[in-house]
>>> print(open('data-v6.pdb').read())   # PDB, C-alpha atoms
ATOM      1  CA  LEU A 288      13.117  11.071   2.312
ATOM      2  CA  SER A 289      13.032   7.632   3.912
ATOM      3  CA  TYR A 290      14.177   6.205   7.255
ATOM      4  CA  VAL A 291      16.198   9.326   8.118
ATOM      5  CA  LEU A 292      14.245  11.670  10.382
ATOM      6  CA  ASN A 293      13.940   9.031  13.113
ATOM      7  CA  GLU A 294      17.742   9.101  13.432
ATOM      8  CA  ILE A 295      18.283  12.835  13.929
ATOM      9  CA  PRO A 296      18.106  14.423  17.413
ATOM     10  CA  ALA A 297      14.600  15.538  18.389
ATOM     11  CA  LYS A 298      15.847  19.097  18.965
ATOM     12  CA  ASP A 299      16.857  19.328  15.277
ATOM     13  CA  LEU A 300      13.593  18.005  13.807
ATOM     14  CA  THR A 301      11.788  21.334  13.394
ATOM     15  CA  ALA A 302      14.695  23.078  11.651
ATOM     16  CA  THR A 303      15.248  20.054   9.399
ATOM     17  CA  LEU A 304      11.587  19.975   8.372
ATOM     18  CA  ASP A 305      11.646  23.695   7.619
ATOM     19  CA  ARG A 306      14.634  23.237   5.309
ATOM     20  CA  LEU A 307      13.056  20.243   3.586
ATOM     21  CA  TRP A 308       9.739  22.030   3.069
ATOM     22  CA  SER A 309      11.479  25.117   1.730
ATOM     23  CA  ALA A 310      13.468  22.997  -0.739
ATOM     24  CA  ALA A 311      10.402  21.067  -1.978
ATOM     25  CA  LYS A 312       9.044  22.502  -5.237
ATOM     26  CA  GLN A 313       5.727  20.631  -5.239
ATOM     27  CA  ALA A 314       5.648  17.892  -2.636
ATOM     28  CA  LEU A 315       7.553  16.276   0.208
ATOM     29  CA  VAL A 316       7.365  12.500   0.719
ATOM     30  CA  ILE A 317       8.521  11.105   4.057
ATOM     31  CA  VAL A 318       8.736   7.399   4.935
ATOM     32  CA  GLU A 319       9.515   6.023   8.389
ATOM     33  CA  PRO A 320       9.443   2.527   9.930
ATOM     34  CA  GLY A 321       5.940   1.117  10.345
ATOM     35  CA  THR A 322       6.225   0.908  14.125
ATOM     36  CA  PRO A 323       4.373   2.830  16.853
ATOM     37  CA  ASP A 324       7.437   5.074  17.198
ATOM     38  CA  GLY A 325       7.623   5.640  13.446
ATOM     39  CA  TYR A 326       3.919   6.492  13.334
ATOM     40  CA  ALA A 327       4.293   8.895  16.283
ATOM     41  CA  LEU A 328       7.093  10.671  14.411
ATOM     42  CA  ILE A 329       4.922  10.929  11.287
ATOM     43  CA  LEU A 330       2.199  12.560  13.395
ATOM     44  CA  LYS A 331       4.680  15.188  14.659
ATOM     45  CA  ILE A 332       5.867  15.843  11.107
ATOM     46  CA  ARG A 333       2.273  16.092   9.868
ATOM     47  CA  GLU A 334       1.361  18.607  12.556
ATOM     48  CA  HIS A 335       4.396  20.775  11.794
ATOM     49  CA  LEU A 336       3.858  20.755   8.022
ATOM     50  CA  LEU A 337       0.166  21.578   8.378
ATOM     51  CA  ALA A 338       1.128  24.579  10.504
ATOM     52  CA  ALA A 339       3.546  25.581   7.722
ATOM     53  CA  GLY A 340       0.693  25.642   5.202
ATOM     54  CA  ALA A 341       1.101  22.205   3.619
ATOM     55  CA  ALA A 342      -1.797  20.196   2.232
ATOM     56  CA  ILE A 343      -1.803  16.484   3.066
ATOM     57  CA  ALA A 344      -2.160  14.371  -0.070
ATOM     58  CA  ALA A 345      -1.756  10.926   1.530
ATOM     59  CA  PRO A 346      -2.376   8.757   3.384
ATOM     60  CA  CYS A 347      -4.909  10.984   5.157
ATOM     61  CA  PRO A 348      -8.088  11.961   3.265
ATOM     62  CA  HIS A 349      -8.420  14.922   5.670
ATOM     63  CA  GLU A 350      -6.347  17.367   7.702
ATOM     64  CA  LEU A 351      -8.084  16.725  11.018
ATOM     65  CA  THR A 352      -6.612  14.889  14.007
ATOM     66  CA  CYS A 353      -5.634  11.322  13.128
ATOM     67  CA  PRO A 354      -8.404   9.026  14.425
ATOM     68  CA  LEU A 355      -5.821   6.385  15.427
ATOM     69  CA  ALA A 356      -3.918   8.766  17.702
ATOM     70  CA  ASN A 357      -4.094   7.770  21.381
ATOM     71  CA  THR A 358      -5.362   4.273  20.496
ATOM     72  CA  PRO A 359      -3.554   0.899  20.457
ATOM     73  CA  LEU A 360      -3.536   1.106  16.633
ATOM     74  CA  TRP A 361      -1.207   3.039  14.360
ATOM     75  CA  CYS A 362      -1.348   3.976  10.675
ATOM     76  CA  HIS A 363       1.099   1.881   8.662
ATOM     77  CA  MET A 364       1.283  -0.041   5.408
ATOM     78  CA  SER A 365       3.031  -3.241   4.341
ATOM     79  CA  THR A 366       4.686  -4.249   1.089
ATOM     80  CA  ARG A 367       6.401  -7.488   0.096
ATOM     81  CA  ILE A 368       9.982  -7.064  -1.102
ATOM     82  CA  GLU A 369      12.590  -9.486  -2.404
ATOM     83  CA  ARG A 370      15.557 -10.392  -0.264
ATOM     84  CA  THR A 371      18.829 -10.312  -2.136
ATOM     85  CA  ALA A 372      21.373 -13.097  -1.745
ATOM     86  CA  LEU A 373      23.482 -10.746   0.375
ATOM     87  CA  HIS A 374      20.481  -9.902   2.572
ATOM     88  CA  ARG A 375      19.754 -13.596   3.198
ATOM     89  CA  LYS A 376      23.416 -14.216   3.984
ATOM     90  CA  MET A 377      23.665 -11.307   6.438
ATOM     91  CA  LYS A 378      20.346 -12.065   8.141
ATOM     92  CA  ARG A 379      20.623 -15.517   9.631
ATOM     93  CA  ASP A 380      16.895 -16.098  10.079
ATOM     94  CA  ALA A 381      16.077 -14.973   6.507
ATOM     95  CA  ALA A 382      15.098 -18.372   5.138
ATOM     96  CA  LEU A 383      12.437 -16.951   2.797
ATOM     97  CA  ALA A 384      13.269 -15.104  -0.423
ATOM     98  CA  TYR A 385      11.062 -12.198   0.615
ATOM     99  CA  GLU A 386       9.940 -10.193   3.617
ATOM    100  CA  ASP A 387       7.013  -7.928   4.418
ATOM    101  CA  GLU A 388       8.304  -4.415   5.053
ATOM    102  CA  LYS A 389       6.054  -2.266   7.255
ATOM    103  CA  PHE A 390       6.244   1.508   6.934
ATOM    104  CA  SER A 391       4.419   4.721   7.806
ATOM    105  CA  TYR A 392       4.467   7.579   5.346
ATOM    106  CA  LEU A 393       3.274  11.093   4.613
ATOM    107  CA  ILE A 394       2.902  13.050   1.375
ATOM    108  CA  ALA A 395       2.643  16.802   1.909
ATOM    109  CA  THR A 396       2.144  19.078  -1.077
ATOM    110  CA  LYS A 397       2.066  22.731  -2.070
ATOM    111  CA  LEU A 398      -0.542  21.958  -4.738
ATOM    112  CA  PRO A 399      -4.354  21.740  -4.416
ATOM    113  CA  VAL A 400      -5.529  18.292  -3.276
ATOM    114  CA  ALA A 401      -8.648  16.440  -4.432
ATOM    115  CA  ARG A 402      -9.648  14.445  -1.364
ATOM    116  CA  PRO A 403     -11.272  10.999  -1.600
ATOM    117  CA  ALA A 404     -14.281  10.120   0.531
ATOM    118  CA  ALA A 405     -12.142   7.510   2.309
ATOM    119  CA  ARG A 406      -8.829   5.708   2.017
ATOM    120  CA  LEU A 407      -7.802   2.142   2.873
ATOM    121  CA  ILE A 408      -5.487   1.966   5.880
ATOM    122  CA  GLY A 409      -5.090  -1.820   5.910
ATOM    123  CA  HIS A 410      -5.315  -4.861   3.671
ATOM    124  CA  PRO A 411      -8.869  -6.118   2.946
ATOM    125  CA  HIS A 412      -9.746  -9.239   4.947
ATOM    126  CA  GLY A 413     -12.077 -12.135   4.152
ATOM    127  CA  GLN A 414     -13.553 -13.741   1.047
ATOM    128  CA  LYS A 415     -17.363 -14.061   1.121
ATOM    129  CA  LEU A 416     -17.529 -10.999   3.335
ATOM    130  CA  ILE A 417     -14.706  -8.483   2.970
ATOM    131  CA  SER A 418     -13.772  -6.115   5.802
ATOM    132  CA  LEU A 419     -12.207  -2.809   4.808
ATOM    133  CA  GLU A 420     -10.375  -0.623   7.311
ATOM    134  CA  LEU A 421     -11.026   2.947   6.188
ATOM    135  CA  CYS A 422     -10.059   6.445   7.221
ATOM    136  CA  GLU A 423     -12.886   8.732   6.122
ATOM    137  CA  HIS A 424     -12.880  12.347   4.937
ATOM    138  CA  SER A 425     -14.773  13.249   8.121
ATOM    139  CA  GLY A 426     -11.734  12.245  10.209
ATOM    140  CA  VAL A 427     -13.201   8.984  11.516
ATOM    141  CA  ALA A 428     -11.717   5.474  11.206
ATOM    142  CA  VAL A 429     -14.341   2.848  10.369
ATOM    143  CA  THR A 430     -14.572  -0.774   9.260
ATOM    144  CA  ARG A 431     -16.866  -1.370   6.284
ATOM    145  CA  THR A 432     -18.060  -4.861   5.363
ATOM    146  CA  LEU A 433     -18.820  -5.757   1.736
ATOM    147  CA  SER A 434     -20.761  -8.747   0.415
ATOM    148  CA  LYS A 435     -20.960 -10.047  -3.160
ATOM    149  CA  ARG A 436     -24.056  -7.886  -3.670
ATOM    150  CA  ASP A 437     -22.075  -4.683  -3.155
ATOM    151  CA  GLU A 438     -20.827  -2.803  -6.206
ATOM    152  CA  ASP A 439     -17.281  -2.449  -4.791
ATOM    153  CA  TYR A 440     -16.888  -6.149  -3.879
ATOM    154  CA  LYS A 441     -14.730  -7.236  -6.830
ATOM    155  CA  ARG A 442     -12.632  -4.083  -6.626
ATOM    156  CA  ALA A 443     -11.922  -4.861  -2.980
ATOM    157  CA  MET A 444     -11.031  -8.455  -3.879
ATOM    158  CA  LEU A 445      -8.518  -7.171  -6.415
ATOM    159  CA  SER A 446      -7.043  -4.763  -3.863
ATOM    160  CA  GLY A 447      -6.499  -7.558  -1.365
ATOM    161  CA  ALA A 448      -5.012 -10.132  -3.727
ATOM    162  CA  LEU A 449      -1.325 -10.949  -3.578
ATOM    163  CA  LEU A 450      -1.454 -12.235  -7.152
ATOM    164  CA  ASN A 451      -3.983 -12.504  -9.969
ATOM    165  CA  VAL A 452      -3.336 -15.424 -12.303
ATOM    166  CA  VAL A 453      -4.449 -14.805 -15.889
ATOM    167  CA  HIS A 454      -4.357 -17.083 -18.978
ATOM    168  CA  GLU A 455      -2.816 -20.043 -17.218
ATOM    169  CA  LEU A 456      -1.231 -22.524 -19.634
ATOM    170  CA  PRO A 457      -0.780 -26.307 -19.382
ATOM    171  CA  ASP A 458       2.641 -27.622 -18.412
ATOM    172  CA  ASN A 459       5.389 -27.203 -21.011
ATOM    173  CA  GLU A 460       3.393 -24.696 -23.095
ATOM    174  CA  ILE A 461       4.837 -21.263 -23.798
ATOM    175  CA  THR A 462       2.690 -18.184 -24.226
ATOM    176  CA  ASP A 463       2.777 -16.431 -27.596
ATOM    177  CA  VAL A 464       2.425 -12.830 -28.720
ATOM    178  CA  ALA A 465      -1.279 -13.260 -29.447
ATOM    179  CA  SER A 466      -1.947 -14.413 -25.879
ATOM    180  CA  VAL A 467      -0.063 -11.440 -24.417
ATOM    181  CA  ARG A 468      -1.952  -9.032 -26.672
ATOM    182  CA  ALA A 469      -5.251 -10.608 -25.609
ATOM    183  CA  ALA A 470      -4.348 -10.109 -21.944
ATOM    184  CA  ILE A 471      -3.857  -6.358 -22.377
ATOM    185  CA  SER A 472      -6.527  -5.607 -24.972
ATOM    186  CA  GLY A 473      -9.475  -5.147 -22.634
ATOM    187  CA  ASN A 474     -11.192  -8.387 -23.752
ATOM    188  CA  THR A 475     -12.905 -10.534 -21.145
ATOM    189  CA  MET A 476     -10.553 -13.218 -19.832
ATOM    190  CA  THR A 477     -10.467 -15.939 -17.216
ATOM    191  CA  ALA A 478      -8.689 -15.016 -13.998
ATOM    192  CA  ARG A 479      -8.521 -16.212 -10.443
ATOM    193  CA  PHE A 480      -7.052 -15.356  -7.087
ATOM    194  CA  ILE A 481      -4.542 -17.700  -5.502
ATOM    195  CA  ARG A 482      -6.310 -20.863  -4.285
ATOM    196  CA  GLN A 483      -9.708 -19.517  -5.393
ATOM    197  CA  ALA A 484     -12.205 -20.298  -8.160
ATOM    198  CA  ALA A 485     -11.885 -18.740 -11.607
ATOM    199  CA  PHE A 486     -14.109 -15.885 -12.786
ATOM    200  CA  ASN A 487     -14.483 -13.693 -15.855
ATOM    201  CA  LEU A 488     -12.580 -10.397 -15.769
ATOM    202  CA  THR A 489     -12.494  -7.478 -18.199
ATOM    203  CA  PRO A 490      -9.268  -5.503 -17.652
ATOM    204  CA  THR A 491      -9.524  -1.720 -17.598
ATOM    205  CA  SER A 492      -5.787  -1.004 -17.860
ATOM    206  CA  GLY A 493      -2.582  -2.534 -19.162
ATOM    207  CA  TRP A 494      -1.161  -5.632 -17.504
ATOM    208  CA  LEU A 495       2.368  -6.552 -16.518
ATOM    209  CA  VAL A 496       2.685 -10.301 -17.102
ATOM    210  CA  LEU A 497       5.023 -12.280 -14.848
ATOM    211  CA  ALA A 498       5.230 -16.052 -14.942
ATOM    212  CA  ASN A 499       7.169 -19.114 -13.896
ATOM    213  CA  VAL A 500       6.824 -22.852 -14.309
ATOM    214  CA  LEU A 501       6.507 -23.803 -10.651
ATOM    215  CA  PRO A 502       3.760 -23.164  -8.053
TER     216      PRO A 502
END
>>> encode(input="data-v6.pdb", output="structure tokens")
Amino acid sequence: LSYVLNEIPAKDLTATLDRLWSAAKQALVIVEPGTPDGYALILKIREHLLAAGAAIAAPCPHELTCPLANTPLWCHMSTRIERTALHRKMKRDAALAYEDEKFSYLIATKLPVARPAARLIGHPHGQKLISLELCEHSGVAVTRTLSKRDEDYKRAMLSGALLNVVHELPDNEITDVASVRAAISGNTMTARFIRQAAFNLTPTSGWLVLANVLP
């Protein structure tokens, strides 16, 4: 259920949540705008569902009080989405072909939950030293800094990248089936982050390959 509960009267929220939770067979996913008001609504929903016996699957790695409550910060995510031609036409200041949509969300479940030690609550920052904003299983929000010596450094770099470029070809060359198979076979390949130096990478899962001929 997305971008709906913030539009119903506050007096109807509890009854609406009860009906939604009763109708959910396994889980209930709620998405609201990634604003302070949207986050505050998610907190109210979280509190009510916990009281109803729900387990929180995400984004929280715990069921304690949110560590960002009563602070200037709020828990929200951001994803880049394409703007359609109609969107750009209707929105006069939409010069770019994309926008970054901010949202707050909650996944409540009736199933057992395996909780991680911590979960990212913001994009990784930095290059030589990477700062990770984490919400920990203990109910505390912390910032962890990784250097190249840390085991999780490359994983964090991958998490923070907007795009990984793999098997780049010279101008006017077209990739072939063998190149695509090599990119998804698990063999070591050359990759790089945007505007960064190349490095060797061994993929551990399948790849979706997207390409164009312009920067």
>>> closest_residue(input="data-v6.pdb", among="A:Thr303, A:Thr371, A:Ser434, A:Ser425", to="Ala384 (chain A)", atoms="only C-alpha atoms")
A:Thr371
>>> residues_around(input="data-v6.pdb", residues="region 339-353 of chain A", least_positions_apart="6", cutoff="12 Å", atoms="all atoms listed in the file", output="JSON, numbers by chain")
{"A": [301, 304, 305, 306, 307, 308, 309, 311, 312, 313, 314, 315, 316, 317, 318, 326, 327, 329, 330, 331, 332, 333, 360, 361, 362, 363, 364, 390, 391, 392, 393, 394, 395, 396, 397, 398, 399, 400, 401, 402, 403, 404, 405, 406, 407, 408, 409, 421, 422, 423, 424, 425, 426, 427, 428]}
>>> atom_distance(input="data-v6.pdb", atom1="CA of Leu288 (chain A)", atom2="CA of Pro411 (chain A)")
27.9 Å
>>> atom_distance(input="data-v6.pdb", atom1="CA of Ala302 (chain A)", atom2="CA of Lys389 (chain A)")
27.1 Å
>>> closest_residue(input="data-v6.pdb", among="A:Ala297, A:Leu383, A:Leu355, A:Val291", to="Ile368 (chain A)", atoms="only C-alpha atoms")
A:Leu383
>>> atom_distance(input="data-v6.pdb", atom1="CA of Thr430 (chain A)", atom2="CA of His335 (chain A)")
28.8 Å
>>> axis_aligned_box(input="data-v6.pdb", around="region 335-347 of chain A", padding_each_side="6 Å", output="lines of an AutoDock Vina configuration file")
center_x = -0.3
center_y = 17.2
center_z = 5.9
size_x = 21.3
size_y = 28.9
size_z = 23.9
>>> resolve_selection(input="data-v6.pdb", expression="the PyMOL selection byres ((chain A and resi 387) around 8)", output="PDB file with C-alpha atoms, in the coordinates of the input")
ATOM      1  CA  SER A 365       3.031  -3.241   4.341  1.00  0.00           C
ATOM      2  CA  THR A 366       4.686  -4.249   1.089  1.00  0.00           C
ATOM      3  CA  ARG A 367       6.401  -7.488   0.096  1.00  0.00           C
ATOM      4  CA  ILE A 368       9.982  -7.064  -1.102  1.00  0.00           C
ATOM      5  CA  TYR A 385      11.062 -12.198   0.615  1.00  0.00           C
ATOM      6  CA  GLU A 386       9.940 -10.193   3.617  1.00  0.00           C
ATOM      7  CA  GLU A 388       8.304  -4.415   5.053  1.00  0.00           C
ATOM      8  CA  LYS A 389       6.054  -2.266   7.255  1.00  0.00           C
TER       9      LYS A 389
END
